[in-house]
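Below is one structure, written out as structure tokens; the observations come after it.
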Amino acid sequence: MNEYEKGLIVQALRRAGGVQTEAARLLGITAKNLWNKLQKHGLDPATCLRAL
């Protein structure tokens, strides 16, 4: 489940062009919740975009 959630977050960040507020909106969560999930999974939004 964690890998699935991580994949969704990465995908949303890519679709949002790295804009965390927009990625959170796409996921249907608050920006604060997204930030918490980024920390939980050890994700850096900039790194997610570089993998394109």
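Ligands are numbered from 1 in the order shown, residues from 1 within each chain, and chains are lettered A, B, ... in the order they appear in the structure tokens.
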Just want the 7 Å neighbourhood of Ala31 of chain A, counted on only C-alpha atoms, with same-chain residues fewer than 6 positions away dropped. Output as a ChimeraX atom specification. /A:20-21,24
Closest to Ala46 of chain A among A:Gly28, A:Gly17, A:Gly7, A:Ala12, using only C-alpha atoms? A:Gly17
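Distance annotation: of A:Leu43, A:Met1, A:Ile9, A:Cys48, the residue with the minimal separation from Leu26 of chain A is A:Ile9; atom set is only C-alpha atoms.
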Report as a list of chain:residue names all protein, DNA and RNA residues lying within 12 Å of Gly42 of chain A, evaluated on only C-alpha atoms, omitting residues in the same chain fewer than 5 positions from it.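 Near neighbours after the sequence-gap exclusion: A:Asn2, A:Glu3, A:Lys6, A:Ile9, A:Val10, A:Leu34, A:Trp35, A:Asn36, A:Lys37, A:Thr47, A:Cys48.
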Same residues, N, CA, C and O atoms, output as a CSV table (one decimal), in the first residue's frame:
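Output saved as out.csv:
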chain,number,residue,atom,x,y,z
A,2,ASN,N,2.0,1.2,0.7
A,2,ASN,CA,2.8,2.4,0.8
A,2,ASN,C,3.4,2.7,-0.6
A,2,ASN,O,3.5,3.9,-0.9
A,3,GLU,N,3.8,1.7,-1.4
A,3,GLU,CA,4.4,2.0,-2.7
A,3,GLU,C,3.3,2.5,-3.6
A,3,GLU,O,3.6,3.4,-4.5
A,6,LYS,N,2.9,6.2,-2.6
A,6,LYS,CA,4.1,6.9,-3.1
A,6,LYS,C,4.0,7.2,-4.6
A,6,LYS,O,4.2,8.3,-5.1
A,9,ILE,N,1.5,9.9,-5.3
A,9,ILE,CA,2.0,11.3,-5.0
A,9,ILE,C,3.0,11.7,-6.1
A,9,ILE,O,2.9,12.9,-6.5
A,10,VAL,N,3.9,10.9,-6.5
A,10,VAL,CA,4.9,11.2,-7.6
A,10,VAL,C,4.1,11.6,-8.8
A,10,VAL,O,4.4,12.6,-9.5
A,34,LEU,N,-0.3,16.5,2.2
A,34,LEU,CA,0.7,16.2,1.2
A,34,LEU,C,2.1,16.3,1.8
A,34,LEU,O,2.9,15.4,1.6
A,35,TRP,N,2.4,17.4,2.5
A,35,TRP,CA,3.7,17.6,3.0
A,35,TRP,C,4.0,16.5,4.0
A,35,TRP,O,5.1,15.9,4.0
A,36,ASN,N,3.1,16.1,4.8
A,36,ASN,CA,3.3,14.9,5.8
A,36,ASN,C,3.6,13.7,5.0
A,36,ASN,O,4.5,12.9,5.4
A,37,LYS,N,2.9,13.4,3.9
A,37,LYS,CA,3.1,12.2,3.1
A,37,LYS,C,4.5,12.2,2.4
A,37,LYS,O,5.2,11.2,2.3
A,47,THR,N,13.1,16.2,-6.9
A,47,THR,CA,13.6,14.9,-7.4
A,47,THR,C,12.5,14.2,-8.2
A,47,THR,O,12.9,13.5,-9.2
A,48,CYS,N,11.3,14.3,-7.8
A,48,CYS,CA,10.2,13.6,-8.6
A,48,CYS,C,10.1,14.2,-10.0
A,48,CYS,O,9.8,13.4,-10.9
